[in-house]
Amino acid sequence: MRRQCGLRFRGSTTVGELDGRVVVIVGATSGIGLSATRACLRAGARVVAVGLSVPPGLDAELGSGARVTVADAREPDTARRAVRQAVEELGGFHGLFHVAGGSGRAAGDGPLHELSDRGWEETLQLNLTSTFHSNRAAVEQLLRQGTPGSVLNMGSVSAFSPSPRFFSTHAYAAAKAAIVGLTLAAAAHYAPRGIRFNAVAPGLIDTSMSARAMGDPQILEFVRKKQPLDGGRPGRPSDLDAAVVFFLSDQSRFVTGQVLAVDGGWTITDVVGKGE
């Protein structure tokens, strides 16, 4: 079941909102994760940034407040090592943003009748299982510490607002819907401990994952109508920055179990057209 949250937060991050916080961002070296890493650092956090690769010069750009680690989020111990690094090298652990994931189209994801076993398994491993690993690592550490904390997961509008003509990757949609379920179940269970779980659900964002869509004039015309805010455009990674800082900061200390669509209007816009 989709849940909406009626939240209000500033449209840009403010220095100091995350002062004293140490956060782990899994999937931090490109796209939404990299933009969020920069935003968290600007807001005063120290960050362990985990990614599959490191762009040249990123360590120097992020500075002494960050530790950049090359690792695969699909490996069970990746997040645990990152959390341990946060504690040992940066002095604590207060929150996690799990971004890692992506399309399984190349592995065989697609409409159900075309979806291969490999496409299903690899897409769920990349998106859902990696989220499980990082969420488990975060809550293990917070329980050891006996402290409150915040876990933020990456969902997608695909979980509850499908686009059958242009985005029929059913394993991806299933994985993102399961992430919402995991987020809500964990939020309910750990609320008495002060550990919050929330999710952001973007529409189409201009990242390397969306290269296929960004190169297709038909899809871009669809998105122009489906995401009508700000002139009708694909989202930018930075469009999520303020939401990420909000959920990881004390501004959201009374918010848990929520899914925030950052989608340019995707989920409330009806685009008339066959199969859209």
# chains A, B, ... in the order shown; residues from 1 in each chain; ligands from 1
>>> residues_around(residues="Ala174 of chain A", least_positions_apart="5", cutoff="10 Å", atoms="only C-alpha atoms", output="PyMOL selection string")
chain A and resi 120+123-124+127-128+158-160+169+179-180
>>> closest_atom_pairs(of="segment 147-185 of chain A", to="segment 95-110 of chain A", cutoff="7 Å", atoms="only C-alpha atoms", output="JSON lines")
{"residue": "A:Gly149", "atom": "CA", "partner": "A:Gly95", "partner_atom": "CA", "distance": 5.4}
{"residue": "A:Ser150", "atom": "CA", "partner": "A:Gly95", "partner_atom": "CA", "distance": 4.6}
{"residue": "A:Val151", "atom": "CA", "partner": "A:Leu96", "partner_atom": "CA", "distance": 4.8}
{"residue": "A:Leu152", "atom": "CA", "partner": "A:Phe97", "partner_atom": "CA", "distance": 4.7}
{"residue": "A:Asn153", "atom": "CA", "partner": "A:His98", "partner_atom": "CA", "distance": 5.0}
{"residue": "A:Met154", "atom": "CA", "partner": "A:Val99", "partner_atom": "CA", "distance": 5.2}
{"residue": "A:Ser168", "atom": "CA", "partner": "A:Gly110", "partner_atom": "CA", "distance": 5.6}
{"residue": "A:Thr169", "atom": "CA", "partner": "A:Gly110", "partner_atom": "CA", "distance": 4.0}
{"residue": "A:His170", "atom": "CA", "partner": "A:Gly110", "partner_atom": "CA", "distance": 5.7}
{"residue": "A:Ala171", "atom": "CA", "partner": "A:Asp109", "partner_atom": "CA", "distance": 6.0}
{"residue": "A:Tyr172", "atom": "CA", "partner": "A:Ser103", "partner_atom": "CA", "distance": 6.7}
>>> residues_around(residues="Ala185 of chain A", least_positions_apart="6", cutoff="12 Å", atoms="only C-alpha atoms", output="PDB file with N, CA and C atoms, in the first residue's frame")
ATOM      1  N   MET A   1       0.839  -1.185   0.000  1.00  0.00           N
ATOM      2  CA  MET A   1       0.000   0.000   0.000  1.00  0.00           C
ATOM      3  C   MET A   1       0.881   1.244   0.000  1.00  0.00           C
ATOM      4  N   ASN A 135      20.282  -1.866   5.483  1.00  0.00           N
ATOM      5  CA  ASN A 135      19.348  -1.564   6.570  1.00  0.00           C
ATOM      6  C   ASN A 135      19.654  -2.415   7.794  1.00  0.00           C
ATOM      7  N   ALA A 178       8.833  -3.748  -2.814  1.00  0.00           N
ATOM      8  CA  ALA A 178       9.275  -4.491  -1.627  1.00  0.00           C
ATOM      9  C   ALA A 178      10.100  -3.611  -0.701  1.00  0.00           C
ATOM     10  N   ILE A 179      10.867  -2.688  -1.256  1.00  0.00           N
ATOM     11  CA  ILE A 179      11.622  -1.754  -0.424  1.00  0.00           C
ATOM     12  C   ILE A 179      10.675  -0.894   0.402  1.00  0.00           C
ATOM     13  N   ALA A 191      10.276   1.894  15.902  1.00  0.00           N
ATOM     14  CA  ALA A 191       9.880   3.215  16.401  1.00  0.00           C
ATOM     15  C   ALA A 191      10.048   3.351  17.914  1.00  0.00           C
ATOM     16  N   ARG A 196      14.227   5.561  12.994  1.00  0.00           N
ATOM     17  CA  ARG A 196      13.245   5.926  11.981  1.00  0.00           C
ATOM     18  C   ARG A 196      13.632   5.352  10.620  1.00  0.00           C
ATOM     19  N   PHE A 197      12.628   4.909   9.878  1.00  0.00           N
ATOM     20  CA  PHE A 197      12.807   4.407   8.517  1.00  0.00           C
ATOM     21  C   PHE A 197      11.851   5.149   7.594  1.00  0.00           C
ATOM     22  N   ASN A 198      12.375   5.741   6.544  1.00  0.00           N
ATOM     23  CA  ASN A 198      11.578   6.429   5.540  1.00  0.00           C
ATOM     24  C   ASN A 198      12.153   6.128   4.158  1.00  0.00           C
ATOM     25  N   THR A 256       8.311   8.959  10.682  1.00  0.00           N
ATOM     26  CA  THR A 256       8.798   7.627  10.331  1.00  0.00           C
ATOM     27  C   THR A 256       7.732   6.889   9.536  1.00  0.00           C
ATOM     28  N   GLY A 257       8.172   5.912   8.750  1.00  0.00           N
ATOM     29  CA  GLY A 257       7.252   5.101   7.958  1.00  0.00           C
ATOM     30  C   GLY A 257       6.615   5.840   6.806  1.00  0.00           C
ATOM     31  N   GLN A 258       7.319   6.827   6.236  1.00  0.00           N
ATOM     32  CA  GLN A 258       6.754   7.633   5.168  1.00  0.00           C
ATOM     33  C   GLN A 258       7.510   7.425   3.857  1.00  0.00           C
TER      34      GLN A 258
END
>>> residues_around(residues="segment 84-94 of chain A", least_positions_apart="6", cutoff="6 Å", atoms="only C-alpha atoms", output="PyMOL selection string")
chain A and resi 21-23+149
>>> closest_residue(among="A:Thr37, A:Ser30, A:Gln251, A:Thr269", to="Pro162 of chain A", atoms="only C-alpha atoms")
A:Thr269
>>> residues_around(residues="Thr29 of chain A", least_positions_apart="5", cutoff="7 Å", atoms="only C-alpha atoms", output="list in words")
Leu34, Ala49, Val50, Gly51, Ser53 and Val54 of chain A
>>> write_last_selection(atoms="C-alpha atoms", output="mmCIF file, in the first residue's frame")
data_model
loop_
_atom_site.group_PDB
_atom_site.id
_atom_site.type_symbol
_atom_site.label_atom_id
_atom_site.label_comp_id
_atom_site.auth_asym_id
_atom_site.auth_seq_id
_atom_site.Cartn_x
_atom_site.Cartn_y
_atom_site.Cartn_z
ATOM 1 C CA LEU A 34 26.860 11.684 -5.147
ATOM 2 C CA ALA A 49 30.579 7.208 0.831
ATOM 3 C CA VAL A 50 30.351 3.720 -0.652
ATOM 4 C CA GLY A 51 30.349 3.147 -4.408
ATOM 5 C CA SER A 53 33.943 3.041 -8.425
ATOM 6 C CA VAL A 54 35.436 6.409 -7.597
#
>>> atom_distance(atom1="atom CA of Gly203 of chain A", atom2="atom CA of Arg42 of chain A")
24.8 Å
>>> residues_around(residues="Gly146 of chain A", least_positions_apart="6", cutoff="10 Å", atoms="only C-alpha atoms", output="VMD selection string")
chain A and resid 140 193 to 195
>>> closest_residue(among="A:Val24, A:Ala177, A:Ala242, A:Ile205", to="Arg80 of chain A", atoms="only C-alpha atoms")
A:Val24
>>> closest_residue(among="A:Leu115, A:Val83, A:Leu41, A:Ala211", to="Val244 of chain A", atoms="only C-alpha atoms")
A:Leu41
>>> closest_residue(among="A:Pro202, A:Gly231, A:Gly65, A:Pro148", to="Asp250 of chain A", atoms="only C-alpha atoms")
A:Pro148
>>> closest_residue(among="A:Thr147, A:Thr183, A:Ser252, A:Thr78", to="Ser134 of chain A", atoms="only C-alpha atoms")
A:Thr78
>>> select_by_dssp(residues="segment 59-264 of chain A", states="alpha helix (DSSP H)", output="PyMOL selection string")
chain A and resi 59-62+78-90+117-124+130-145+170-190+211-214+217-226+241-248
>>> write_last_selection(atoms="C-alpha atoms", output="tab-separated table (two decimals), in the first residue's frame")
chain	number	residue	atom	x	y	z
A	59	ASP	CA	38.43	12.04	-2.66
A	60	ALA	CA	40.08	15.44	-2.87
A	61	GLU	CA	36.81	17.18	-3.76
A	62	LEU	CA	34.88	15.72	-0.82
A	78	THR	CA	29.79	-4.13	2.52
A	79	ALA	CA	27.42	-2.06	4.64
A	80	ARG	CA	28.67	-3.54	7.89
A	81	ARG	CA	32.22	-2.53	6.99
A	82	ALA	CA	31.05	0.96	6.06
A	83	VAL	CA	29.20	1.40	9.36
A	84	ARG	CA	32.24	0.13	11.24
A	85	GLN	CA	34.42	2.60	9.33
A	86	ALA	CA	32.05	5.42	10.29
A	87	VAL	CA	32.41	4.56	13.96
A	88	GLU	CA	36.15	3.94	13.96
A	89	GLU	CA	37.33	6.70	11.62
A	90	LEU	CA	34.68	9.41	11.88
A	117	ASP	CA	15.03	-15.90	-14.35
A	118	ARG	CA	18.38	-14.12	-14.50
A	119	GLY	CA	16.68	-10.75	-14.96
A	120	TRP	CA	14.49	-11.36	-11.94
A	121	GLU	CA	17.28	-12.58	-9.67
A	122	GLU	CA	19.84	-9.95	-10.60
A	123	THR	CA	17.38	-7.07	-10.40
A	124	LEU	CA	16.20	-8.08	-6.94
A	130	SER	CA	21.38	-4.66	-1.23
A	131	THR	CA	18.86	-2.54	0.68
A	132	PHE	CA	18.27	-5.36	3.14
A	133	HIS	CA	22.01	-5.69	3.77
A	134	SER	CA	22.50	-1.98	4.46
A	135	ASN	CA	19.35	-1.56	6.57
A	136	ARG	CA	20.31	-4.56	8.70
A	137	ALA	CA	23.82	-3.19	9.23
A	138	ALA	CA	22.45	0.20	10.24
A	139	VAL	CA	19.93	-1.11	12.76
A	140	GLU	CA	22.46	-3.55	14.24
A	141	GLN	CA	24.80	-0.66	15.05
A	142	LEU	CA	22.07	1.63	16.37
A	143	LEU	CA	20.82	-1.13	18.67
A	144	ARG	CA	24.37	-1.78	19.90
A	145	GLN	CA	24.73	1.92	20.65
A	170	HIS	CA	8.47	-5.69	-13.67
A	171	ALA	CA	11.30	-7.04	-11.52
A	172	TYR	CA	12.46	-3.48	-10.86
A	173	ALA	CA	8.93	-2.42	-9.92
A	174	ALA	CA	8.59	-5.43	-7.62
A	175	ALA	CA	11.91	-4.69	-5.94
A	176	LYS	CA	11.02	-1.06	-5.33
A	177	ALA	CA	7.59	-2.01	-3.97
A	178	ALA	CA	9.27	-4.49	-1.63
A	179	ILE	CA	11.62	-1.75	-0.42
A	180	VAL	CA	8.56	0.27	0.57
A	181	GLY	CA	7.22	-2.77	2.45
A	182	LEU	CA	10.52	-3.29	4.23
A	183	THR	CA	10.72	0.39	5.13
A	184	LEU	CA	7.22	0.44	6.65
A	185	ALA	CA	7.66	-2.83	8.55
A	186	ALA	CA	10.99	-1.71	9.99
A	187	ALA	CA	9.58	1.72	10.86
A	188	ALA	CA	6.79	0.12	12.88
A	189	HIS	CA	9.07	-2.32	14.66
A	190	TYR	CA	11.86	0.05	15.64
A	211	ALA	CA	20.42	7.06	-20.41
A	212	ARG	CA	18.00	4.99	-22.52
A	213	ALA	CA	15.07	7.20	-21.59
A	214	MET	CA	17.02	10.44	-21.92
A	217	PRO	CA	12.36	11.71	-27.87
A	218	GLN	CA	9.06	9.85	-27.30
A	219	ILE	CA	9.92	9.15	-23.66
A	220	LEU	CA	11.04	12.73	-23.10
A	221	GLU	CA	7.76	14.01	-24.53
A	222	PHE	CA	5.89	11.63	-22.22
A	223	VAL	CA	7.93	12.87	-19.26
A	224	ARG	CA	7.27	16.49	-20.22
A	225	LYS	CA	3.57	15.81	-19.62
A	226	LYS	CA	3.95	13.31	-16.79
A	241	ASP	CA	19.09	16.82	-1.79
A	242	ALA	CA	16.84	18.76	0.58
A	243	ALA	CA	14.66	15.71	1.24
A	244	VAL	CA	17.70	13.58	2.05
A	245	VAL	CA	19.07	16.12	4.52
A	246	PHE	CA	15.61	16.53	6.05
A	247	PHE	CA	15.17	12.80	6.68
A	248	LEU	CA	18.69	12.39	8.10
